[in-house]
>>> print(open('input.txt').read())   # compact mmCIF, C-alpha atoms
# COMPACT_ATOMS: atom_id res chain seq x y z
CA MET M 17 17.53 22.42 -0.88
CA GLN M 18 19.88 19.59 0.06
CA LEU M 19 19.40 15.85 -0.08
CA LEU M 20 21.36 13.86 2.47
CA THR M 21 22.50 10.32 1.85
CA ASP M 22 23.86 8.41 4.83
CA PRO M 23 26.85 8.08 4.97
CA THR M 24 27.74 9.96 1.76
CA PRO M 25 27.85 13.77 1.60
CA PRO M 26 24.71 15.74 0.75
CA VAL M 27 23.68 15.91 -2.90
CA GLU M 28 21.16 18.20 -4.52
CA LEU M 29 17.60 17.01 -4.95
CA ALA M 30 16.40 18.59 -8.17
CA LEU M 31 12.87 18.43 -9.49
CA PRO M 32 12.96 19.55 -13.14
CA GLU M 33 10.48 22.10 -14.36
CA SER M 34 8.94 19.42 -16.58
CA ALA M 35 8.00 17.44 -13.45
CA LEU M 36 6.68 20.45 -11.53
CA ALA M 37 4.75 21.76 -14.52
CA GLY M 38 2.42 18.78 -14.43
CA LEU M 39 1.43 19.23 -10.79
CA GLY M 40 -2.33 19.38 -10.54
CA THR M 41 -2.94 17.57 -13.83
CA ARG M 42 -2.39 14.22 -12.08
CA PRO M 43 -3.72 12.98 -8.74
CA PHE M 44 -1.66 14.30 -5.82
CA GLY M 45 -1.45 12.45 -2.53
CA VAL M 46 0.53 12.41 0.67
CA TYR M 47 1.70 9.17 2.22
CA VAL M 48 2.82 9.31 5.86
CA HIS M 49 4.94 6.46 7.19
CA VAL M 50 4.65 5.70 10.90
CA PRO M 51 7.66 3.46 11.73
CA PHE M 52 6.53 2.22 15.15
CA CYS M 53 5.26 -1.26 16.00
CA ALA M 54 4.56 -2.96 19.32
CA THR M 55 6.07 -6.23 18.05
CA ARG M 56 7.74 -7.40 14.85
CA CYS M 57 5.73 -9.81 12.69
CA GLY M 58 7.77 -12.67 11.29
CA TYR M 59 6.79 -12.09 7.64
CA CYS M 60 7.19 -8.30 7.57
CA ASP M 61 10.12 -6.53 5.89
CA PHE M 62 8.68 -3.01 6.17
CA ASN M 63 10.72 -0.20 7.69
CA THR M 64 9.42 -0.59 11.24
CA TYR M 65 10.90 -0.58 14.74
CA THR M 66 9.81 -1.68 18.18
CA ALA M 67 10.45 0.46 21.24
CA GLY M 68 13.20 -1.93 22.31
CA GLU M 69 14.96 -1.57 18.96
CA LEU M 70 14.84 2.22 19.07
CA GLY M 71 15.71 2.74 22.73
CA THR M 72 15.98 6.46 23.40
CA SER M 73 17.13 7.35 19.87
CA SER M 74 13.64 8.15 18.63
CA SER M 75 10.08 8.58 19.84
CA PRO M 76 6.68 9.46 18.39
CA THR M 77 7.31 13.04 19.54
CA SER M 78 10.60 13.43 17.68
CA TRP M 79 9.11 11.68 14.67
CA LEU M 80 6.12 14.04 14.61
CA ASP M 81 8.40 17.07 14.90
CA GLY M 82 10.34 15.77 11.91
CA LEU M 83 7.16 15.05 9.97
CA ARG M 84 5.96 18.63 10.37
CA ARG M 85 9.31 19.92 9.14
CA GLU M 86 9.33 17.57 6.16
CA LEU M 87 5.83 18.52 5.07
CA ASP M 88 6.68 22.21 5.29
CA LEU M 89 9.84 21.62 3.22
CA ALA M 90 7.81 19.60 0.73
CA ALA M 91 5.26 22.37 0.24
CA ALA M 92 8.02 24.94 -0.25
CA MET M 93 9.89 22.70 -2.66
CA LEU M 94 6.88 21.88 -4.80
CA GLY M 95 5.80 25.51 -4.80
CA ARG M 96 2.50 25.34 -6.63
CA ALA M 97 1.47 21.93 -5.32
CA PRO M 98 -2.29 21.47 -5.41
CA ALA M 99 -4.37 20.68 -2.36
CA VAL M 100 -4.04 17.03 -1.41
CA ASP M 101 -6.53 14.64 -3.03
CA THR M 102 -5.69 11.69 -0.79
CA VAL M 103 -3.85 11.06 2.46
CA PHE M 104 -2.74 7.60 3.54
CA VAL M 105 -1.15 7.05 6.95
CA GLY M 106 0.58 3.68 6.96
CA GLY M 107 3.30 1.82 8.71
CA GLY M 108 4.15 0.32 11.02
CA THR M 109 1.20 0.76 13.29
CA PRO M 110 -0.34 4.25 13.01
CA SER M 111 -2.98 3.42 15.63
CA LEU M 112 -0.21 3.31 18.26
CA LEU M 113 -0.20 7.11 17.98
CA GLY M 114 -3.74 7.18 19.38
CA GLY M 115 -6.49 9.49 18.26
CA ASP M 116 -4.62 12.65 19.30
CA GLY M 117 -1.45 11.62 17.48
CA LEU M 118 -3.29 10.82 14.26
CA ALA M 119 -5.18 14.10 14.52
CA ALA M 120 -1.81 15.89 14.76
CA VAL M 121 -0.60 14.07 11.64
CA LEU M 122 -3.60 15.21 9.63
CA ASP M 123 -3.31 18.73 11.00
CA ALA M 124 0.28 18.81 9.73
CA VAL M 125 -0.84 17.83 6.22
CA ARG M 126 -3.58 20.46 6.30
CA SER M 127 -1.17 23.12 7.51
CA SER M 128 1.43 22.45 4.79
CA PHE M 129 -0.74 21.62 1.79
CA GLY M 130 -4.43 21.83 2.55
CA LEU M 131 -6.97 19.17 1.66
CA ALA M 132 -9.01 19.15 -1.53
CA LYS M 133 -12.77 19.07 -1.16
CA GLY M 134 -13.87 15.47 -0.62
CA ALA M 135 -10.31 14.28 -0.01
CA GLU M 136 -9.95 10.62 0.93
CA VAL M 137 -8.12 10.32 4.27
CA THR M 138 -7.10 6.82 5.33
CA THR M 139 -5.21 5.38 8.26
CA GLU M 140 -4.07 1.83 8.76
CA SER M 141 -4.78 0.45 12.22
CA ASN M 142 -3.92 -2.64 14.20
CA PRO M 143 -7.20 -3.96 15.62
CA GLU M 144 -5.60 -4.48 19.04
CA SER M 145 -4.78 -0.78 19.41
CA THR M 146 -8.23 0.48 18.49
CA SER M 147 -11.46 1.04 20.40
CA PRO M 148 -14.81 2.78 19.88
CA ALA M 149 -13.32 5.94 21.40
CA PHE M 150 -10.31 5.74 19.05
CA PHE M 151 -12.52 5.49 15.97
CA ALA M 152 -14.72 8.36 17.18
CA ASP M 153 -11.65 10.53 17.75
CA ILE M 154 -10.09 9.98 14.34
CA ARG M 155 -13.45 10.41 12.62
CA ASP M 156 -13.81 13.77 14.34
CA ALA M 157 -10.25 14.63 13.27
CA GLY M 158 -11.17 14.20 9.60
CA TYR M 159 -10.31 10.62 8.69
CA ASN M 160 -12.95 9.00 6.51
CA ARG M 161 -11.43 5.61 5.70
CA VAL M 162 -9.85 2.90 7.89
CA SER M 163 -7.76 -0.09 6.85
CA LEU M 164 -7.48 -2.88 9.42
CA GLY M 165 -4.94 -5.69 9.43
CA MET M 166 -6.73 -9.01 9.79
CA GLN M 167 -4.57 -11.52 7.86
CA SER M 168 -6.59 -14.57 8.97
CA ALA M 169 -9.36 -15.74 11.26
CA ALA M 170 -7.40 -18.90 12.14
CA GLN M 171 -5.30 -18.75 15.31
CA HIS M 172 -2.69 -21.21 14.05
CA VAL M 173 -2.19 -19.15 10.88
CA LEU M 174 -1.74 -15.97 12.92
CA LYS M 175 0.82 -17.79 15.05
CA VAL M 176 2.92 -18.67 11.99
CA LEU M 177 2.78 -15.02 10.94
CA ASP M 178 3.68 -13.87 14.50
CA ARG M 179 0.52 -11.77 14.63
CA VAL M 180 -0.53 -11.04 18.18
CA HIS M 181 -4.18 -10.04 17.75
CA THR M 182 -6.98 -12.39 18.66
CA PRO M 183 -8.85 -13.78 15.63
CA GLY M 184 -12.19 -12.08 16.36
CA ARG M 185 -10.82 -8.64 17.15
CA PRO M 186 -10.49 -7.33 13.54
CA ILE M 187 -14.15 -8.04 12.88
CA LEU M 188 -15.23 -6.28 16.05
CA ALA M 189 -12.93 -3.36 15.20
CA ALA M 190 -14.49 -3.07 11.74
CA ILE M 191 -17.96 -3.00 13.27
CA GLU M 192 -16.81 -0.35 15.77
CA ALA M 193 -15.40 1.76 12.93
CA ARG M 194 -18.65 1.58 11.00
CA SER M 195 -20.60 2.50 14.15
CA ALA M 196 -18.34 5.54 14.54
CA GLY M 197 -19.41 6.77 11.11
CA PHE M 198 -16.80 5.26 8.80
CA GLU M 199 -18.54 4.34 5.58
CA HIS M 200 -15.34 3.00 4.06
CA VAL M 201 -13.56 0.23 5.97
CA ASN M 202 -11.00 -2.21 4.58
CA LEU M 203 -9.81 -5.53 5.94
CA ASP M 204 -6.44 -6.97 4.85
CA LEU M 205 -6.03 -10.71 4.31
CA ILE M 206 -2.90 -12.77 3.68
CA TYR M 207 -3.41 -16.15 2.06
CA GLY M 208 -1.10 -19.11 1.47
CA THR M 209 0.57 -19.13 4.89
CA PRO M 210 2.17 -22.54 5.58
CA GLY M 211 -0.43 -24.67 7.35
CA GLU M 212 -3.43 -22.64 6.14
CA ARG M 213 -6.19 -24.99 4.99
CA VAL M 214 -8.97 -24.18 2.60
CA GLU M 215 -11.43 -24.28 5.51
CA ASP M 216 -9.28 -21.68 7.31
CA LEU M 217 -9.50 -19.36 4.33
CA ARG M 218 -13.25 -19.89 4.03
CA ALA M 219 -13.63 -19.02 7.73
CA SER M 220 -11.62 -15.83 7.17
CA LEU M 221 -13.82 -14.86 4.23
CA ASP M 222 -16.97 -15.60 6.20
CA ALA M 223 -15.68 -13.36 8.99
CA VAL M 224 -14.92 -10.56 6.53
CA LEU M 225 -18.44 -10.69 5.15
CA THR M 226 -19.88 -10.71 8.67
CA ALA M 227 -18.04 -7.44 9.35
CA GLY M 228 -19.89 -5.74 6.49
CA VAL M 229 -16.84 -3.91 5.12
CA ASP M 230 -16.89 -2.35 1.66
CA HIS M 231 -13.29 -3.13 0.72
CA VAL M 232 -10.97 -6.13 1.02
CA SER M 233 -7.30 -6.45 0.16
CA ALA M 234 -5.93 -9.99 -0.16
CA TYR M 235 -2.26 -10.69 -0.72
CA ALA M 236 -0.44 -13.95 -1.34
CA LEU M 237 2.18 -14.54 1.33
CA ILE M 238 5.66 -13.62 0.07
CA VAL M 239 8.67 -14.94 1.97
CA GLU M 240 10.89 -11.85 2.09
CA GLU M 241 14.63 -12.24 2.60
CA GLY M 242 15.87 -11.05 5.96
CA THR M 243 12.64 -11.84 7.81
CA ALA M 244 12.13 -14.36 10.60
CA LEU M 245 9.77 -16.27 8.31
CA ALA M 246 12.48 -16.59 5.65
CA ARG M 247 14.90 -17.96 8.23
CA ARG M 248 12.33 -20.57 9.32
CA VAL M 249 11.78 -21.64 5.73
CA ARG M 250 15.52 -21.83 5.11
CA ARG M 251 15.95 -24.06 8.16
CA GLY M 252 13.22 -26.36 6.90
CA GLU M 253 10.81 -25.58 9.73
CA LEU M 254 8.17 -24.33 7.26
CA PRO M 255 7.58 -25.00 3.57
CA MET M 256 7.58 -22.31 0.92
CA PRO M 257 4.08 -21.27 -0.17
CA ASP M 258 2.89 -23.47 -3.02
CA ASP M 259 2.07 -21.64 -6.27
CA ASP M 260 -0.79 -24.00 -7.15
CA VAL M 261 -2.32 -23.55 -3.70
CA LEU M 262 -1.96 -19.78 -3.98
CA ALA M 263 -3.76 -19.80 -7.33
CA ALA M 264 -6.61 -21.96 -5.98
CA TYR M 265 -6.96 -19.74 -2.90
CA TYR M 266 -7.03 -16.60 -5.05
CA GLU M 267 -9.83 -18.05 -7.15
CA LEU M 268 -11.77 -18.90 -4.00
CA ILE M 269 -11.33 -15.37 -2.64
CA ASP M 270 -12.51 -13.84 -5.90
CA GLU M 271 -15.52 -16.15 -6.08
CA VAL M 272 -16.66 -15.58 -2.50
CA LEU M 273 -16.15 -11.81 -2.54
CA GLY M 274 -17.68 -11.44 -6.00
CA THR M 275 -20.78 -13.34 -4.97
CA ALA M 276 -21.12 -11.01 -2.00
CA GLY M 277 -20.96 -7.92 -4.23
CA LEU M 278 -17.29 -7.03 -3.78
CA ARG M 279 -15.77 -6.76 -7.25
CA TRP M 280 -12.09 -6.75 -8.10
CA TYR M 281 -10.76 -3.45 -9.37
CA GLU M 282 -7.07 -4.26 -8.93
CA VAL M 283 -5.58 -7.74 -8.88
CA SER M 284 -5.35 -7.82 -5.07
CA ASN M 285 -8.23 -5.49 -4.17
CA TRP M 286 -12.03 -5.78 -4.12
CA ALA M 287 -14.62 -3.08 -3.45
CA SER M 288 -18.40 -2.83 -3.29
CA SER M 289 -18.54 0.37 -5.38
CA ASP M 290 -16.37 2.98 -7.10
CA ALA M 291 -16.58 5.13 -3.98
CA ALA M 292 -15.30 2.25 -1.86
CA ARG M 293 -12.10 1.87 -3.87
CA CYS M 294 -8.85 3.09 -2.34
CA HIS M 295 -8.28 6.23 -4.37
CA HIS M 296 -4.88 6.83 -2.83
CA ASN M 297 -3.61 3.54 -4.21
CA LEU M 298 -5.33 4.24 -7.52
CA GLY M 299 -3.11 7.33 -7.68
CA TYR M 300 -0.06 5.06 -7.52
CA TRP M 301 -1.41 2.66 -10.14
CA ARG M 302 -2.42 5.44 -12.53
CA GLY M 303 0.89 7.30 -12.43
CA GLY M 304 -0.06 10.09 -10.04
CA ASP M 305 2.19 12.24 -7.87
CA TRP M 306 2.74 11.82 -4.16
CA TRP M 307 5.03 12.98 -1.41
CA GLY M 308 6.01 10.20 0.95
CA ALA M 309 6.82 11.63 4.39
CA GLY M 310 8.48 9.73 7.21
CA PRO M 311 11.46 7.38 7.56
CA GLY M 312 11.93 5.18 4.50
CA ALA M 313 8.95 6.67 2.64
CA HIS M 314 9.09 6.89 -1.17
CA SER M 315 7.95 9.84 -3.27
CA HIS M 316 7.21 10.43 -6.95
CA VAL M 317 6.62 13.64 -8.86
CA GLY M 318 6.53 13.78 -12.64
CA GLY M 319 8.91 10.91 -13.26
CA VAL M 320 11.34 11.75 -10.44
CA ARG M 321 11.44 9.30 -7.56
CA TRP M 322 13.24 9.54 -4.24
CA TRP M 323 13.21 7.81 -0.88
CA ASN M 324 13.96 8.88 2.67
CA VAL M 325 16.61 7.57 5.01
CA LYS M 326 15.24 4.65 7.00
CA HIS M 327 16.20 5.18 10.63
CA PRO M 328 13.83 7.46 12.58
CA ALA M 329 16.67 9.10 14.51
CA LYS M 330 18.63 9.97 11.37
CA TYR M 331 15.41 11.17 9.75
CA ALA M 332 14.67 13.56 12.62
CA ASP M 333 18.29 14.79 12.81
CA LEU M 334 18.43 15.69 9.12
CA LEU M 335 15.19 17.63 9.32
CA ALA M 336 16.28 19.44 12.47
CA ALA M 337 19.31 20.59 10.46
CA GLY M 338 17.06 21.88 7.67
CA HIS M 339 17.73 19.13 5.14
CA VAL M 340 15.36 17.07 3.05
CA PRO M 341 15.76 13.61 4.66
CA ALA M 342 16.10 11.61 1.43
CA GLY M 343 18.57 8.79 0.99
CA GLY M 344 18.60 8.65 -2.80
CA GLN M 345 16.77 9.59 -5.97
CA GLU M 346 16.35 8.58 -9.59
CA VAL M 347 14.93 10.19 -12.69
CA LEU M 348 12.96 7.60 -14.62
CA THR M 349 13.74 7.27 -18.31
CA PRO M 350 10.88 7.24 -20.83
CA SER M 351 11.42 3.49 -21.20
CA GLU M 352 11.21 2.94 -17.43
CA ARG M 353 8.07 5.03 -17.18
CA HIS M 354 6.52 3.02 -20.00
CA VAL M 355 7.30 -0.30 -18.28
CA GLU M 356 5.88 0.96 -15.00
CA ARG M 357 2.73 2.20 -16.69
CA VAL M 358 2.09 -1.18 -18.31
CA MET M 359 2.94 -3.06 -15.11
CA LEU M 360 0.60 -1.00 -12.92
CA GLU M 361 -2.33 -0.17 -15.19
CA LEU M 362 -2.64 -3.71 -16.47
CA ARG M 363 -3.43 -4.81 -12.91
CA LEU M 364 -6.57 -2.65 -12.92
CA ALA M 365 -9.99 -3.93 -13.92
CA GLU M 366 -10.24 -1.28 -16.64
CA GLY M 367 -6.86 -2.36 -17.93
CA LEU M 368 -4.46 -0.50 -20.17
CA PRO M 369 -5.16 1.48 -23.37
CA LEU M 370 -3.88 -0.56 -26.28
CA ASP M 371 -2.27 2.53 -27.80
CA ALA M 372 0.09 2.64 -24.79
CA LEU M 373 1.86 -0.38 -26.30
CA ASP M 374 4.30 -0.36 -29.20
CA GLY M 375 3.76 -2.57 -32.24
CA ALA M 376 5.46 -5.60 -30.73
CA GLY M 377 3.53 -5.18 -27.47
CA ALA M 378 0.21 -4.90 -29.31
CA SER M 379 0.98 -8.07 -31.24
CA GLU M 380 1.77 -9.86 -27.98
CA ALA M 381 -1.51 -8.58 -26.56
CA ARG M 382 -3.37 -10.22 -29.44
CA ALA M 383 -1.51 -13.46 -28.83
CA ALA M 384 -2.25 -13.27 -25.10
CA ALA M 385 -5.95 -12.79 -25.87
CA ARG M 386 -5.95 -15.91 -28.03
CA GLU M 387 -4.46 -17.79 -25.06
CA GLY M 388 -7.22 -16.58 -22.74
CA LEU M 389 -5.05 -14.14 -20.77
CA LEU M 390 -6.65 -10.92 -22.04
CA VAL M 391 -10.31 -10.21 -22.78
CA GLU M 392 -10.77 -10.31 -26.56
CA SER M 393 -13.81 -8.03 -26.66
CA ALA M 394 -11.98 -5.41 -24.57
CA LEU M 395 -8.96 -5.67 -26.86
CA ASP M 396 -11.24 -5.04 -29.86
CA ALA M 397 -12.45 -1.92 -28.03
CA GLY M 398 -8.87 -0.71 -27.56
CA ARG M 399 -7.99 -1.88 -24.05
CA ALA M 400 -5.85 -4.69 -22.65
CA VAL M 401 -7.85 -6.19 -19.78
CA LEU M 402 -6.82 -9.28 -17.84
CA THR M 403 -9.13 -12.30 -17.81
CA ASP M 404 -9.56 -14.35 -14.64
CA LYS M 405 -6.78 -16.62 -15.89
CA GLY M 406 -4.68 -13.59 -16.79
CA ARG M 407 -4.89 -12.23 -13.26
CA LEU M 408 -3.17 -15.37 -11.99
CA LEU M 409 -0.35 -14.79 -14.48
CA ALA M 410 -0.30 -10.98 -14.48
CA ASP M 411 3.46 -10.60 -14.08
CA GLY M 412 4.08 -12.90 -17.02
CA VAL M 413 1.61 -10.99 -19.18
CA VAL M 414 3.42 -7.73 -18.38
CA ARG M 415 6.75 -9.25 -19.43
CA ARG M 416 5.21 -10.20 -22.77
CA LEU M 417 3.78 -6.74 -23.42
CA VAL M 418 7.07 -4.94 -22.71
CA PRO M 419 9.66 -7.31 -24.22
>>> encode(input="input.txt", output="structure tokens")
Amino acid sequence: MQLLTDPTPPVELALPESALAGLGTRPFGVYVHVPFCATRCGYCDFNTYTAGELGTSSSPTSWLDGLRRELDLAAAMLGRAPAVDTVFVGGGTPSLLGGDGLAAVLDAVRSSFGLAKGAEVTTESNPESTSPAFFADIRDAGYNRVSLGMQSAAQHVLKVLDRVHTPGRPILAAIEARSAGFEHVNLDLIYGTPGERVEDLRASLDAVLTAGVDHVSAYALIVEEGTALARRVRRGELPMPDDDVLAAYYELIDEVLGTAGLRWYEVSNWASSDAARCHHNLGYWRGGDWWGAGPGAHSHVGGVRWWNVKHPAKYADLLAAGHVPAGGQEVLTPSERHVERVMLELRLAEGLPLDALDGAGASEARAAAREGLLVESALDAGRAVLTDKGRLLADGVVRRLVP
């Protein structure tokens, strides 16, 4: 099997037997990247394209043809891959494919790998490209979880983010999804946008609770280089998000959601129950395996990581020629895998086993507990668990535990 890097010549993508031997002992998921968007949001640096940017070089049809080929190649390459525990269709805007298109995506996963009993199957959706009929169609197709982009209930905040949906539409979409039989519905929030007031955030949280969803993701706004938002900040049109404001807003989010019965299980994610958690993302955080299909998607199997070429046309062309469409790969060293394990597991509510740390890291964990960053009682029980204060400084705590 060949791995193509654009513009360098093909190189071999090799998955060592040690990586393949562990298949089935860890969670196994499939991530599908849909690269299409109706418009480009000013804060987004994801690998997405509007129709005007792509022209005639790519289309949902050519992308879907490529996706089917990639999934078939993936199944052949992994050989004894288990049935898929979780599927997550993200983007981009998967809902632009419509119910039939998303059904075809899931059929492709089923055909190549098969789905484990009780598999979690999620699609992201833009509220503006959904409807009661859309939710009914994807529910019939086998999806059992929906993640909706809301960002904010305040129109002026959405305008800064270049979001085009109307403020009330995400809530209505969530209600429509629940009426269609979706027990698990997530709403995404972004907080700390320039100009967002505390009353705006409270209104967003009130709207989320009105929708009755069982999962909320809330992310601090990050000004990514190369985005329209970054250019506006650089020109002085907008201020950078303020760290103190971000911390205060995070505490408010945690308080409001916690009071309503949504408990944090990862630093940026809250759920009403274990069943409501995003098990696909838990696979990432707990060191599972996944094949990322689609332009720019990343994969990981047993310590080997690779990523696909970004442009949809190049992606489809490589697959039509029988090549794995990856643009690069790396084999993680034991040290790198250790750092990633600490970085990801520490963000979880159950934390990290203390025996995953070396002597210096364990000593730092004790010091961090004395400073109120880790829960002392949990540390005594053998786990490093972030306190409320520690969650605000999670990245710094990680750096201390893996010096």
>>> residues_around(input="input.txt", residues="stretch 209-211 of chain M", least_positions_apart="4", cutoff="7 Å", atoms="all atoms listed in the file", output="short mmCIF file (atom, residue, chain, number, x, y, z; two decimals) with C-alpha atoms, keeping the file's coordinate frame")
data_model
loop_
_atom_site.label_atom_id
_atom_site.label_comp_id
_atom_site.auth_asym_id
_atom_site.auth_seq_id
_atom_site.Cartn_x
_atom_site.Cartn_y
_atom_site.Cartn_z
CA VAL M 173 -2.19 -19.15 10.88
CA LEU M 237 2.18 -14.54 1.33
CA LEU M 254 8.17 -24.33 7.26
CA PRO M 255 7.58 -25.00 3.57
CA PRO M 257 4.08 -21.27 -0.17
#
>>> closest_residue(input="input.txt", among="M:Ala394, M:Leu348, M:Ala196, M:Val320", to="M:Glu33", atoms="only C-alpha atoms")
M:Val320
>>> residues_around(input="input.txt", residues="M:Gly274", least_positions_apart="5", cutoff="12 Å", atoms="all atoms listed in the file", output="number ranges by chain")
M: 221, 225, 230-232, 266-269, 279-281, 285-289
>>> axis_aligned_box(input="input.txt", around="stretch 203-217 of chain M", padding_each_side="4 Å", output="lines of an AutoDock Vina configuration file")
center_x = -4.6
center_y = -15.3
center_z = 4.4
size_x = 21.6
size_y = 27.5
size_z = 13.9
>>> atom_distance(input="input.txt", atom1="atom CA of M:Val283", atom2="atom CA of M:Leu364")
6.6 Å
>>> closest_residue(input="input.txt", among="M:Pro350, M:Pro419, M:Phe104, M:Thr226", to="M:Ala276", atoms="only C-alpha atoms")
M:Thr226
